Number of protein chains: 6
Amino acid sequence: MSGLKLRIGLPKGSLEDATIELFEKAGYIVARSSRAYRPAIDDDELEVRLVRPQEIARYVEQGFLDCGVTGKDWILENNADVRVICELKYNKSTSLPVKWVLAVHESSPIYKPSDLQGKWIATEAVNMVKQYLQKLGIEAHVEFSWGATEVKVPELVDAIVDITETGSSLRANHLRIVDVILESFPQFICSHKIWEEPEKRKKLSSMALLLQSALNARNKVGLKMNVPKEKLTAILKILPSLRNPTVSPLADGQWVAVETILDESQVRDLAPQLKEMGAEGIIEYSLNKIIY
Amino acid sequence: MSGLKLRIGLPKGSLEDATIELFEKAGYIVARSSRAYRPAIDDDELEVRLVRPQEIARYVEQGFLDCGVTGKDWILENNADVRVICELKYNKSTSLPVKWVLAVHESSPIYKPSDLQGKWIATEAVNMVKQYLQKLGIEAHVEFSWGATEVKVPELVDAIVDITETGSSLRANHLRIVDVILESFPQFICSHKIWEEPEKRKKLSSMALLLQSALNARNKVGLKMNVPKEKLTAILKILPSLRNPTVSPLADGQWVAVETILDESQVRDLAPQLKEMGAEGIIEYSLNKIIY
Amino acid sequence: MSGLKLRIGLPKGSLEDATIELFEKAGYIVARSSRAYRPAIDDDELEVRLVRPQEIARYVEQGFLDCGVTGKDWILENNADVRVICELKYNKSTSLPVKWVLAVHESSPIYKPSDLQGKWIATEAVNMVKQYLQKLGIEAHVEFSWGATEVKVPELVDAIVDITETGSSLRANHLRIVDVILESFPQFICSHKIWEEPEKRKKLSSMALLLQSALNARNKVGLKMNVPKEKLTAILKILPSLRNPTVSPLADGQWVAVETILDESQVRDLAPQLKEMGAEGIIEYSLNKIIY
Amino acid sequence: MSGLKLRIGLPKGSLEDATIELFEKAGYIVARSSRAYRPAIDDDELEVRLVRPQEIARYVEQGFLDCGVTGKDWILENNADVRVICELKYNKSTSLPVKWVLAVHESSPIYKPSDLQGKWIATEAVNMVKQYLQKLGIEAHVEFSWGATEVKVPELVDAIVDITETGSSLRANHLRIVDVILESFPQFICSHKIWEEPEKRKKLSSMALLLQSALNARNKVGLKMNVPKEKLTAILKILPSLRNPTVSPLADGQWVAVETILDESQVRDLAPQLKEMGAEGIIEYSLNKIIY
Amino acid sequence: MSGLKLRIGLPKGSLEDATIELFEKAGYIVARSSRAYRPAIDDDELEVRLVRPQEIARYVEQGFLDCGVTGKDWILENNADVRVICELKYNKSTSLPVKWVLAVHESSPIYKPSDLQGKWIATEAVNMVKQYLQKLGIEAHVEFSWGATEVKVPELVDAIVDITETGSSLRANHLRIVDVILESFPQFICSHKIWEEPEKRKKLSSMALLLQSALNARNKVGLKMNVPKEKLTAILKILPSLRNPTVSPLADGQWVAVETILDESQVRDLAPQLKEMGAEGIIEYSLNKIIY
Amino acid sequence: MSGLKLRIGLPKGSLEDATIELFEKAGYIVARSSRAYRPAIDDDELEVRLVRPQEIARYVEQGFLDCGVTGKDWILENNADVRVICELKYNKSTSLPVKWVLAVHESSPIYKPSDLQGKWIATEAVNMVKQYLQKLGIEAHVEFSWGATEVKVPELVDAIVDITETGSSLRANHLRIVDVILESFPQFICSHKIWEEPEKRKKLSSMALLLQSALNARNKVGLKMNVPKEKLTAILKILPSLRNPTVSPLADGQWVAVETILDESQVRDLAPQLKEMGAEGIIEYSLNKIIY
């Protein structure tokens with residue numbers, strides 16, 4: 001056991017389950033008890049804190065946390081000066097980024113950002129919105145919203161800036177999108193100071209490798225099949241070039257085994273073709289990690 | 001991206017979870033939001049609609065849906081003229097078909113279908129029951145039941161025709177089965193018109209192949225082991241002949257690797273024997289799809 | 001189908017889910033209905049009964065059950081004369097044994113077992129505690145506790161003996177551990193009589209092998225990679241020696257495929273090294289069973 | 001205990017809780033077990049059946065039930081020839097009738113019933129809709145809907161006829177109301193035959209009296225106050241004339257006590273006035289029944 | 001605030017909600033937090049402990065608790081020498097006592113207690129059953145059951161003695177009742193020593209009065225009506241004699257007000273009669289307590 | 001129906017249920033649908049909006065809402081210039097005010113407010129805390145907390161200012177209270193402008209009267225009894241003087257009826273005495289409102 005110890009902030013709330021699941025796939029078991037701020041982790045060099053994503057970048061910058069996972073959006077909102085180790089392309093339930101949209105009521109006369117001049121906007125990300133308006137040279141009143149932002153137009157404010165993952169909540173509230181302000185994925189971050197310590201930088205790099213290996217394996221599968229030797233060239237040609245397929249001899253000298261990694265969605269198109277081209281015993285199995 | 005677009009109806013309700021899980025194993029991610037009629041799917045050529053299974057065949061026939069998954073029972077009940085692409089042998093929680101049974105109360109004097117002459121029968125599948133009676137030359141009153149059918153005998157009707165998966169609900173209500181009217185599995189269907197368009201027929205055939213590959217892998221596992229060359233013949237003899245095992249050489253020339261696919265339940269009997277016969281490093285792993 | 005039939009008692013209650021999940025991984029599907037004393041199992045030679053773990057050893061000894069899974073603790077408490085086929089190292093949510101601890105309130109003057117002389121102790125395992133005290137030559141009043149044992153000190157009794165898995169309930173009630181009386185894992189047991197019948201002994205031995213294979217695979221993963229021949233020796237040196245890696249030739253004669261089984265937690269350290277040493281196409285996958 | 005026995009059908013489903021609560025206020029305790037078709041009732045002359053409201057009138061007409069509570073809508077849909085003992089003005093959560101509305105999608109070109117000529121309509125009340133169309137001389141296709149009716153327009157049908165209590169589901173689905181087809185309250189009904197038996201008619205009349213007494217007390221409260229004799233006339237003048245207030249002497253001869261029954265909502269206006277006019281010790285209390 | 005302090009044990013578990021509700025109606029607010037052994041109570045002279053009903057009598061006898069509420073059954077099972085202040089006729093959900101029944105499987109050859117000679121009986125109340133058998137001169141093996149007692153016959157034991165409130169669990173398990181061993185209501189108890197202290201005895205007596213007043217009001221209602229003087233005698237004759245009705249003069253000298261207390265279920269019969277006999281303005285209201 | 005219309009903001013969230021229940025007792029039925037921002041209310045002169053309590057005062061001040069119910073704390077935090085019509089002494093589950101406490105970790109060296117000089121404080125009420133510090137002449141960093149404030153000390157901040165109702169959350173997080181900054185009850189507020197309009201002021205005053213009448217009736221009950229004339233003086237002496245008891249003659253000239261209002265908790269002491277002193281037929285009943 002090394003003396004190394006890193007305090008890592010993970011996002012409490014809507015990203016919590018997806019983040020802990022990602023860590024689990026990367027090989028770290030995070031065990032939450034019912035209302036845990038400090039869940040256990042099976043790595044003696046790490047200490048986990050569950051913290052609101054809005055605050056993680058701030059605390060990493062201030063040095064209260066060594067590293068963390070939080071959205072690009074909240075790094076910007078906090079205007080936090082931190083080191084981004086790598087981007088992690090996941091989300092609550094999809095692999096798409098969250099979008100911060102400027103939205104108004106269906107019936108609103110606002111159709112483009114410049115129509116906001118002099119208007120009232122409610123949002124949970126006041127700074128981000130102010131910067132957005134400043135860039136465009138628009139002056140408007142931006143007020144902090146405590147939640148349920150989407151019901152406030154048109155009665156209480158003229159426009160809102162809010163997160164949307166699928167757009168369904170917008171539709172349910174009769175909102176119309178005027179602009180997309182930001183698309184944001186989670187980021188694995190640390191402080192500049194921590195990054196300068198070689199042992200810690202090595203640890204953080206390993207973690208980044210494993211987290212990305214787990215993300216690499218998302219929606220990827222392994223495909224194995226037996227192929228008659230004379231069809232091998234043709235079959236290799238249609239397999240995606242993501243990674244060279246592994247070809248190994250079989251006891252029956254007329255056949256070889258081919259094994260490859262590909263997008264699960266590619267199997268939809270490939271499987272019927274492979275069968276037609278003479279591959280046999282095609283099976284598909286799941287993967288935990290892919291390390292490029 | 002092709003211009004192809006197929007509107008597919010998936011069954012809302014008791015089969016919903018099992019169907020969406022099957023599609024996922026076949027390579028299609030269906031993302032439902034809370035009360036979604038139109039869940040998202042990660043295939044640009046498909047548009048999903050969650051529709052009551054009772055109505056899918058009707059809408060496919062009428063052309064409002066292009067294809068769908070629904071029970072053989074509801075195709076019959078609707079007397080729908082549709083193309084069955086393939087049968088899909090799954091169910092809510094087992095791999096057994098649902099049974100439509102003609103049932104009466106334990107104490108009923110009805111013991112065979114012909115005892116129904118002149119009696120009252122409640123069912124959710126009125127047409128199906130009428131056809132059944134007609135074939136047998138029995139005249140009885142068949143009335144539509146709005147649900148909780150099984151509690152209606154003997155007080156409100158003389159007999160019922162209802163679905164049973166495990167029979168436990170029948171027992172709980174003290175019912176006795178008189179006849180099994182139909183055993184029904186889900187069917188992958190499309191309209192005759194759609195089937196005549198080559199590009200769409202190809203798409204539907206691929207989907208059928210993938211759905212069946214996923215069902216093939218149910219309760220199947222991969223088994224790998226290292227075998228001394230001199231024991232290979234004996235060991236191959238006891239492996240099930242479902243599919244030829246793959247034998248591949250190892251670096252250590254005295255051993256070969258054997259890999260095969262079999263029923264998970266067969267492992268219970270084989271594993272102890274294989275160990276006794278000299279196989280080493282036996283491991284079992286899961287499969288997503290098997291394409292025969 | 002053989003005529004063999006074994007009645008097996010599985011523990012109802014806190015171990016129930018983990019036990020049924022273990023049987024599932026071992027290849028036996030146990031299907032519980034809502035309040036089932038007799039869940040179904042997909043093996044015609046077995047009949048399952050869900051029974052309180054406190055009573056299983058008693059009924060196995062009396063011959064009302066043929067075999068069962070219950071804790072070492074309750075075998076001792078019942079003073080049951082049964083055959084232990086094998087120990088099964090699992091638990092409700094961890095792989096650690098349950099501990100029976102002698103505990104007092106933080107503020108208690110009791111610091112060692114001998115301080116218990118003449119005191120009152122509440123426990124659900126009266127016999128076990130009496131035997132413990134007897135060995136130490138201590139006389140104390142042991143009374144049966146109907147539950148919520150941990151809230152009884154210091155007001156109603158002087159000390160308790162209770163189960164703890166993580167210690168969190170002890171801390172929440174301000175208890176201090178004085179001694180650990182027993183560490184207990186589930187045991188797969190049968191009666192001596194059943195064990196003497198060769199056919200049944202063979203069945204029970206197979207079941208033990210499969211249950212342990214499933215436990216072996218817990219937290220283990222398979223790792224596959226392609227390795228340039230000249231790096232093979234160096235790479236084999238850093239792979240854990242748990243089981244000899246399988247090395248197989250590839251079609252490209254300069255490379256070999258290496259496949260091995262290891263702890264998932266080892267991957268965290270190995271994966272970055274392997275990549276650095278020249279391994280390519282490293283993938284990790286899950287295992288259902290490992291049969292040593 | 002008389003020999004009298006009446007089998008009463010109460011509506012299972014959305015009206016179930018409100019109906020059982022009404023019976024409880026009327027003095028009948030109905031004790032449901034978890035999935036009871038036959039809940040217990042504390043009146044030996046009654047036997048309760050929980051039946052879908054759609055079917056109650058039919059079974060009363062056919063004599064399988066003696067009496068029941070069901071909506072006017074389902075009496076009409078069934079075209080049932082039954083005796084209406086009294087109307088009961090309650091609903092799932094309000095005192096308003098349910099409305100059956102003809103609705104189309106916001107964007108539909110249908111604006112009046114006659115626009116439906118030749119169109120497709122989905123509804124759970126096919127007969128009711130057909131009668132409605134017939135009266136208007138409109139020909140349209142009416143098809144039975146198995147549920148989730150409100151999502152079917154505009155894609156699957158042109159219009160729907162569905163129940164609405166508050167209209168919120170209509171709005172959520174972007175529907176526009178074209179016409180209100182029926183407003184419906186629950187009815188206490190019996191068969192004509194039962195009504196002709198004097199003893200049963202007396203029992204049913206008493207039940208009707210008690211059910212209505214309980215409904216009378218809904219939203220009514222008792223108000224008591226002490227009033228100086230010289231202010232009595234003025235105060236009596238502003239009290240609602242629903243029922244003559246009871247005036248009783250007090251020991252202190254200068255004051256009288258006044259007690260009256262009124263709408264709880266009237267207290268909102270009266271209480272401030274009464275206080276201003278000199279009433280003292282004003283208290284409000286709840287009522288279970290009011291028997292006019 | 002007196003210096004008086006009584007530690008009272010209330011039953012944790014199935015009687016818990018009903019007991020706390022009864023105390024609330026008697027005027028004592030017991031505020032449980034999530035996992036409270038020591039809930040708060042709004043009476044400085046009381047300290048509540050939530051303890052298993054099986055153990056309350058034991059701890060009252062030993063002096064660790066001063067008083068408590070527990071079943072007559074568990075007082076007997078513990079053979080506890082305590083003072084019964086009063087019986088409290090309530091239960092989990094009815095006003096009926098719990099019954100301890102001796103039950104066997106439907107198919108059992110045991111039809112009367114004496115058939116138990118030499119048999120095995122499982123129960124949670126071992127002492128109570130042994131005393132019962134001893135009185136009858138029957139010898140049988142009585143073993144402690146850790147729960148789910150009702151599923152043990154006929155496979156694991158010959159008979160059981162278990163609690164039944166409604167009998168539904170017996171029916172569900174196909175059990176037949178052979179004898180009723182005990183009918184048991186909760187008892188308000190204290191230790192003999194406490195009862196000898198006058199101030200504490202007075203407190204306990206007041207509590208008993210209030211608890212019983214609250215039980216008295218269960219299912220009772222107040223009925224008020226205005227009656228023409230000439231009909232008073234006739235009307236008083238049909239009012240139940242539970243308590244003398246209060247007759248008071250009205251300002252209008254021709255009428256009197258009559259107010260009485262009666263069973264809610266009596267209103268069903270009386271209300272129609274009273275109306276017929278000329279009573280007006282009949283109202284019914286609820287009661288919290290009746291102090292006889 | 002007057003043309004009057006007042007838009008009232010009620011607090012969404014932790015106070016929501018208690019507030020709506022209070023309005024119901026005051027005579028206003030607020031009907032929430034599942035995710036309603038605009039619940040219905042049965043008063044045509046009111047329109048309800050469910051708004052975060054943090055925002056209500058702000059919107060009332062700005063004129064977007066006419067009146068509302070929100071905590072004194074959030075009025076201060078918003079520094080809102082609004083008219084307080086009356087204070088409403090209720091809370092989520094008790095009748096105690098919420099407390100805003102300055103708290104630190106048990107182990108902190110901070111023991112009095114002045115120890116905060118130069119420290120970091122997290123709170124949801126930044127302005128309130130800044131004003132508090134300013135008054136005391138303390139300079140410290142106050143930062144906005146997005147929630148879960150109580151877990152932030154000692155690691156992330158030095159102190160917190162947070163709400164506590166019972167203190168249990170503080171204890172669970174090992175916090176020590178340094179100071180109580182504010183005790184806060186809900187306030188019924190309106191804008192100054194609205195208050196100047198006579199008709200609206202009258203409406204708001206009536207509402208205040210009714211809301212307070214409902215709060216007056218909390219924990220109060222009515223007590224009625226029949227008293228022999230010769231005992232009247234003695235009995236009146238022990239009845240609490242909250243309000244003069246109403247004494248009325250009975251038909252039986254030797255007795256009078258006495259009716260009074262008192263704290264439910266007083267009944268515990270009075271009932272036994274009244275019985276002893278000769279009162280008969282004592283009953284207790286609930287009250288909805290008391291208008292002083």
# chains A, B, ... in the order shown; residues from 1 in each chain; ligands from 1

call {"tool": "residues_around", "arguments": {"residues": "Ser286 in chain E", "least_positions_apart": "4", "cutoff": "10 Å", "atoms": "only C-alpha atoms", "output": "list of chain:residue names"}}
result
D:Tyr285, D:Ser286, D:Leu287, D:Asn288, D:Lys289, E:Ala217, E:Arg218, E:Asn219, E:Lys220, E:Val221, E:Gly222, E:Leu223, E:Ile261, E:Glu264, F:Glu284, F:Tyr285, F:Ser286

call {"tool": "select_by_dssp", "arguments": {"residues": "range 69-221 of chain F", "states": "alpha helix (DSSP H)", "output": "ChimeraX atom specification"}}
result
/F:72-78,126-136,168-172,192-195,198-217

call {"tool": "residues_around", "arguments": {"residues": "range 96-103 of chain A", "least_positions_apart": "4", "cutoff": "10 Å", "atoms": "only C-alpha atoms", "output": "VMD selection string"}}
result
chain A and resid 71 to 73 89 to 92 108 110 to 113 121 to 123 125 128 to 129 150 153 158 to 167 170 174 to 186

call {"tool": "residues_around", "arguments": {"residues": "Ile282 in chain A", "least_positions_apart": "5", "cutoff": "10 Å", "atoms": "only C-alpha atoms", "output": "VMD selection string"}}
result
(chain A and resid 223 to 227 258 to 259 271 274 to 275) or (chain B and resid 213 289 to 292)

call {"tool": "write_last_selection", "arguments": {"atoms": "N, CA and C atoms", "output": "mmCIF file, in the first residue's frame"}}
result
data_model
loop_
_atom_site.group_PDB
_atom_site.id
_atom_site.type_symbol
_atom_site.label_atom_id
_atom_site.label_comp_id
_atom_site.auth_asym_id
_atom_site.auth_seq_id
_atom_site.Cartn_x
_atom_site.Cartn_y
_atom_site.Cartn_z
ATOM 1 N N LEU A 223 -17.145 -10.552 -31.462
ATOM 2 C CA LEU A 223 -17.799 -11.447 -32.412
ATOM 3 C C LEU A 223 -16.780 -12.523 -32.785
ATOM 4 N N LYS A 224 -17.194 -13.784 -32.672
ATOM 5 C CA LYS A 224 -16.316 -14.904 -33.022
ATOM 6 C C LYS A 224 -17.004 -15.743 -34.072
ATOM 7 N N MET A 225 -16.208 -16.303 -34.971
ATOM 8 C CA MET A 225 -16.822 -17.182 -35.977
ATOM 9 C C MET A 225 -15.745 -18.098 -36.544
ATOM 10 N N ASN A 226 -16.171 -19.183 -37.101
ATOM 11 C CA ASN A 226 -15.258 -20.060 -37.830
ATOM 12 C C ASN A 226 -15.448 -19.802 -39.310
ATOM 13 N N VAL A 227 -14.306 -19.736 -40.043
ATOM 14 C CA VAL A 227 -14.346 -19.317 -41.443
ATOM 15 C C VAL A 227 -13.530 -20.307 -42.284
ATOM 16 N N VAL A 258 -11.930 -16.556 -36.421
ATOM 17 C CA VAL A 258 -11.771 -15.110 -36.520
ATOM 18 C C VAL A 258 -12.513 -14.466 -35.359
ATOM 19 N N GLU A 259 -11.844 -13.560 -34.711
ATOM 20 C CA GLU A 259 -12.455 -12.887 -33.559
ATOM 21 C C GLU A 259 -12.207 -11.398 -33.701
ATOM 22 N N ALA A 271 -24.045 -9.346 -39.407
ATOM 23 C CA ALA A 271 -24.373 -10.743 -39.132
ATOM 24 C C ALA A 271 -25.032 -11.429 -40.326
ATOM 25 N N LEU A 274 -22.295 -12.012 -42.998
ATOM 26 C CA LEU A 274 -21.295 -13.021 -42.639
ATOM 27 C C LEU A 274 -21.858 -14.421 -42.837
ATOM 28 N N LYS A 275 -23.095 -14.564 -42.420
ATOM 29 C CA LYS A 275 -23.734 -15.867 -42.563
ATOM 30 C C LYS A 275 -23.789 -16.253 -44.049
ATOM 31 N N SER B 213 -31.466 -14.670 -33.275
ATOM 32 C CA SER B 213 -30.135 -14.911 -32.722
ATOM 33 C C SER B 213 -30.118 -14.613 -31.231
ATOM 34 N N LYS B 289 -25.700 -13.366 -28.595
ATOM 35 C CA LYS B 289 -26.393 -13.841 -29.801
ATOM 36 C C LYS B 289 -25.720 -15.099 -30.298
ATOM 37 N N ILE B 290 -26.486 -15.972 -30.905
ATOM 38 C CA ILE B 290 -25.946 -17.114 -31.640
ATOM 39 C C ILE B 290 -26.631 -17.124 -32.995
ATOM 40 N N ILE B 291 -25.812 -17.026 -34.030
ATOM 41 C CA ILE B 291 -26.398 -16.981 -35.383
ATOM 42 C C ILE B 291 -26.117 -18.307 -36.067
ATOM 43 N N TYR B 292 -27.136 -19.082 -36.233
ATOM 44 C CA TYR B 292 -26.958 -20.389 -36.881
ATOM 45 C C TYR B 292 -26.879 -20.220 -38.390
#

call {"tool": "residues_around", "arguments": {"residues": "Glu16 in chain B", "least_positions_apart": "4", "cutoff": "10 Å", "atoms": "only C-alpha atoms", "output": "JSON, numbers by chain"}}
result
{"B": [10, 11, 12, 20, 21, 22, 50, 51, 52, 53, 91, 92]}

call {"tool": "closest_atom_pairs", "arguments": {"of": "chain E", "to": "chain C", "cutoff": "8 Å", "atoms": "only C-alpha atoms", "output": "CSV"}}
result
residue,atom,partner,partner_atom,distance
E:Tyr37,CA,C:Val151,CA,6.6
E:Arg52,CA,C:Trp146,CA,6.6
E:Gln54,CA,C:Trp146,CA,7.0
E:Glu55,CA,C:Trp146,CA,7.4
E:Tyr59,CA,C:Leu156,CA,7.2
E:Phe64,CA,C:Leu156,CA,5.8
E:Ser145,CA,C:Glu55,CA,7.8
E:Trp146,CA,C:Arg52,CA,6.6
E:Gly147,CA,C:Arg52,CA,7.2
E:Ala148,CA,C:Arg52,CA,7.9
E:Val151,CA,C:Tyr37,CA,6.5
E:Glu155,CA,C:Phe64,CA,7.1
E:Leu156,CA,C:Phe64,CA,5.8

call {"tool": "write_last_selection", "arguments": {"atoms": "N, CA and C atoms", "output": "PDB file, in the first residue's frame"}}
result
ATOM      1  N   TYR E  37     -36.250   3.816  19.057  1.00  0.00           N
ATOM      2  CA  TYR E  37     -36.534   2.997  20.214  1.00  0.00           C
ATOM      3  C   TYR E  37     -37.181   3.873  21.274  1.00  0.00           C
ATOM      4  N   ARG E  52     -40.508  -5.060  21.629  1.00  0.00           N
ATOM      5  CA  ARG E  52     -41.298  -6.193  21.129  1.00  0.00           C
ATOM      6  C   ARG E  52     -42.363  -6.587  22.156  1.00  0.00           C
ATOM      7  N   GLN E  54     -43.542  -9.319  22.857  1.00  0.00           N
ATOM      8  CA  GLN E  54     -43.169 -10.553  23.539  1.00  0.00           C
ATOM      9  C   GLN E  54     -42.361 -10.290  24.802  1.00  0.00           C
ATOM     10  N   GLU E  55     -41.695  -9.135  24.874  1.00  0.00           N
ATOM     11  CA  GLU E  55     -40.745  -8.888  25.954  1.00  0.00           C
ATOM     12  C   GLU E  55     -41.234  -7.871  26.972  1.00  0.00           C
ATOM     13  N   TYR E  59     -39.977  -7.283  31.004  1.00  0.00           N
ATOM     14  CA  TYR E  59     -39.229  -6.127  31.488  1.00  0.00           C
ATOM     15  C   TYR E  59     -40.019  -5.326  32.525  1.00  0.00           C
ATOM     16  N   PHE E  64     -37.428  -3.013  34.683  1.00  0.00           N
ATOM     17  CA  PHE E  64     -36.730  -2.156  33.733  1.00  0.00           C
ATOM     18  C   PHE E  64     -37.704  -1.211  33.045  1.00  0.00           C
ATOM     19  N   SER E 145     -40.818 -21.912  16.747  1.00  0.00           N
ATOM     20  CA  SER E 145     -40.820 -21.559  15.330  1.00  0.00           C
ATOM     21  C   SER E 145     -40.338 -20.129  15.167  1.00  0.00           C
ATOM     22  N   TRP E 146     -39.405 -19.958  14.257  1.00  0.00           N
ATOM     23  CA  TRP E 146     -38.853 -18.624  14.024  1.00  0.00           C
ATOM     24  C   TRP E 146     -39.689 -17.815  13.041  1.00  0.00           C
ATOM     25  N   GLY E 147     -40.853 -18.289  12.689  1.00  0.00           N
ATOM     26  CA  GLY E 147     -41.688 -17.498  11.771  1.00  0.00           C
ATOM     27  C   GLY E 147     -42.187 -18.349  10.629  1.00  0.00           C
ATOM     28  N   ALA E 148     -43.090 -17.764   9.794  1.00  0.00           N
ATOM     29  CA  ALA E 148     -43.698 -18.493   8.680  1.00  0.00           C
ATOM     30  C   ALA E 148     -44.222 -19.841   9.155  1.00  0.00           C
ATOM     31  N   VAL E 151     -46.689 -22.371   7.088  1.00  0.00           N
ATOM     32  CA  VAL E 151     -46.350 -23.203   5.928  1.00  0.00           C
ATOM     33  C   VAL E 151     -45.729 -24.533   6.350  1.00  0.00           C
ATOM     34  N   GLU E 155     -45.534 -30.827   6.218  1.00  0.00           N
ATOM     35  CA  GLU E 155     -44.271 -31.421   5.842  1.00  0.00           C
ATOM     36  C   GLU E 155     -43.273 -31.474   6.988  1.00  0.00           C
ATOM     37  N   LEU E 156     -43.140 -30.369   7.705  1.00  0.00           N
ATOM     38  CA  LEU E 156     -42.083 -30.284   8.708  1.00  0.00           C
ATOM     39  C   LEU E 156     -42.576 -30.599  10.117  1.00  0.00           C
TER      40      LEU E 156
END

call {"tool": "atom_distance", "arguments": {"atom1": "CA of Gln187 in chain A", "atom2": "CA of Ala279 in chain C"}}
result
27.9 Å

call {"tool": "residues_around", "arguments": {"residues": "Ser191 in chain A", "least_positions_apart": "4", "cutoff": "8 Å", "atoms": "only C-alpha atoms", "output": "PyMOL selection string"}}
result
chain A and resi 60-61+63+66-67+81-83+195

call {"tool": "residues_around", "arguments": {"residues": "Glu47 in chain A", "least_positions_apart": "5", "cutoff": "10 Å", "atoms": "only C-alpha atoms", "output": "list in words"}}
result
Lys5, Leu6, Arg7, Ile8, Gly9, Arg38, Pro39, Ala40, Ile41, Asp42, Leu65 and Asp66 of chain A

call {"tool": "write_last_selection", "arguments": {"atoms": "C-alpha atoms", "output": "mmCIF file, in the first residue's frame"}}
result
data_model
loop_
_atom_site.group_PDB
_atom_site.id
_atom_site.type_symbol
_atom_site.label_atom_id
_atom_site.label_comp_id
_atom_site.auth_asym_id
_atom_site.auth_seq_id
_atom_site.Cartn_x
_atom_site.Cartn_y
_atom_site.Cartn_z
ATOM 1 C CA LYS A 5 -4.207 9.479 -1.257
ATOM 2 C CA LEU A 6 -6.450 11.365 -3.660
ATOM 3 C CA ARG A 7 -9.764 12.890 -2.683
ATOM 4 C CA ILE A 8 -12.150 12.619 -5.623
ATOM 5 C CA GLY A 9 -15.475 14.378 -5.978
ATOM 6 C CA ARG A 38 -18.543 9.571 1.776
ATOM 7 C CA PRO A 39 -19.169 6.279 0.024
ATOM 8 C CA ALA A 40 -16.541 3.572 0.406
ATOM 9 C CA ILE A 41 -14.301 2.626 -2.539
ATOM 10 C CA ASP A 42 -12.159 -0.475 -2.906
ATOM 11 C CA LEU A 65 -10.853 18.127 -3.515
ATOM 12 C CA ASP A 66 -7.895 16.752 -5.497
#

call {"tool": "closest_residue", "arguments": {"among": "E:Leu136, E:Val104, E:Ile189, E:Leu236", "to": "Ile56 in chain E", "atoms": "only C-alpha atoms"}}
result
E:Ile189
